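Down below is the structure, laid out as structure tokens.
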Amino acid sequence: MDLDVIKQDVQAQLTEHRFAHTLRVVDTAVELSKRFNESIRNAELAAIFHDYAKYYNQSTMKQIIIETDLPNDLLNYHHELWHGPVASHIIKEKYGVETTDVLNAIKYHTTGRANMSQLEKIIFLADYIEPGRQFPGVEEVRKLAQEDLTKACWMAAKNTTMYLISKNNTIYPDSIHAYNDLRNQIN
Ligand code: DGI
Ligand code: FE
Ligand code: FE
Ligand code: FE
């Protein structure tokens, strides 16, 4: 499927601000894919679709989670965690994307998980470091991303988890699994 056609569909789902973020995630993911020898086509596809369901109604997302094989425990956590899993389902059904790695990169882009593939790491990281992001500590993660994909993902997972805890938020188990597994993968 043609990427320009996909871009128009994605643009129609998002705000201007969110679509601009998505395009920066595409560029960042392509850059990381060149650096770490990942499929550029898969990175582009996953990045363009990653926030596709960001503005779906909560009730629509809830229904999709209940009616499909997506994990129902998502419903016990913040609704911000639903848009990746829901997008992976929609993209498979509506756009016929069958590449499991691409679907998983979309599905897990918010939380990460244990045993992330290289593509999953690239999308997780690109979403965090795209040039529009201004989190405290992002500059250090951008520097790490120049040489060590796993270390950069670990630092991103750590920063996000620490931020959520500082705000008294709950942490989805996959976020913790991502943090632990990435930590175990580096020296
Ligand atoms: O969709 P984006 O804004 O581009 O970024 P995202 O999908 O990575 O993150 C969406 C939000 O989810 C962000 O505010 C951080 C939050 N988040 C990430 N992991 C967890 C989480 N929120 C909770 N409650 N628990 C988590 O484990
Ligand atoms: Fe997202
Ligand atoms: Fe379900
Ligand atoms: Fe995003």
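Labeling convention for the structure tokens: chains A, B, ... as they appear, residues from 1 per chain, ligands from 1 in order of appearance.
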
Selection within 7 Å of ligand 2 by only C-alpha atoms and all ligand atoms, output as a tab-separated table (two decimals) with C-alpha atoms, in the first residue's frame:
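Result file pocket-v5.tsv:
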```
chain	number	residue	atom	x	y	z
A	50	HIS	CA	1.39	4.14	15.89
A	51	ASP	CA	-1.03	6.81	17.21
A	54	LYS	CA	-5.19	8.19	19.84
A	83	HIS	CA	-4.64	3.38	21.82
A	84	GLY	CA	-1.61	1.28	20.77
A	109	HIS	CA	4.70	1.51	21.57
A	110	THR	CA	3.42	3.09	24.81
```

With only C-alpha atoms as the counted atoms, please give the residues lying no more than 9 Å from Ile48 of chain A, apart from itself and same-chain residues fewer than 3 positions off, as a PyMOL selection string.
chain A and resi 3+6-7+10+19+22-23+25-26+43-45+51-52

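Considering only C-alpha atoms and all ligand atoms, the residues that reside within 6 Å of ligand 1 can be listed as Asp51, His78, Glu80, Leu81, Thr110, Thr111, Asp127, Asn169, Thr170, Ile171, Tyr172 and Ser175 of chain A.
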
Ligand 3: which residues are within 8 Å, counting only C-alpha atoms and all ligand atoms? Reply as an MDAnalysis selection string.
chainID A and resid 64:72

Keeping only C-alpha atoms, take the residues you just selected and write them out as a compact mmCIF listing (two decimals), in the first residue's frame.
```txt
# COMPACT_ATOMS: atom_id res chain seq x y z
CA ILE A 64 -12.65 -3.40 20.81
CA ILE A 65 -10.54 -4.61 23.73
CA ILE A 66 -13.41 -6.74 25.07
CA GLU A 67 -14.41 -8.18 21.69
CA THR A 68 -10.94 -9.05 20.42
CA ASP A 69 -8.05 -11.02 21.85
CA LEU A 70 -6.41 -7.87 23.24
CA PRO A 71 -5.64 -8.25 26.97
CA ASN A 72 -8.66 -7.23 29.04
```

Residue nearest Asn184 of chain A among A:Val102, A:Val30, A:Ala47, A:Ala114 (counting only C-alpha atoms):
A:Ala114

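When only C-alpha atoms and all ligand atoms are used to compute distances to ligand 4, the closest of the residues A:Thr161, A:Gln185, A:Thr100, A:Thr28 turns out to be A:Thr28.
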
Measuring between only C-alpha atoms and all ligand atoms, which one of A:Lys107, A:Lys167, A:Lys151, A:His89 shows the shortest distance to ligand 4?
A:Lys107

Just list the residues in chain A DSSP gives alpha helix (DSSP H) on the backbone, as an MDAnalysis selection string.
chainID A and resid 3:13 16:36 40:49 58:67 83:95 100:107 118:129 138:145 149:166 173:185

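As for atom CA of Ile186 of chain A and atom CA of Phe135 of chain A, they are spaced 23.0 Å apart.
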
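Minimum atom-to-atom distance to ligand 4, evaluated using only C-alpha atoms and all ligand atoms, belongs to A:Ile123 out of A:Leu74, A:Met1, A:Ile40, A:Ile123.
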
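Comparing A:Arg41, A:His177, A:Arg133, A:His79 by their smallest distance to ligand 4, the closest is A:Arg133 (using only C-alpha atoms and all ligand atoms).
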
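If you measure from each of A:Leu32, A:Leu119, A:Leu103, A:Val141 to Val86 of chain A using only C-alpha atoms, the closest one turns out to be A:Leu103.
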
In Å to one decimal, how far is atom CA of Gln63 of chain A from atom CA of Leu75 of chain A?
10.2 Å

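Coordinates place atom CA of Gln58 of chain A at a distance of 22.0 Å from atom CA of Asn168 of chain A.
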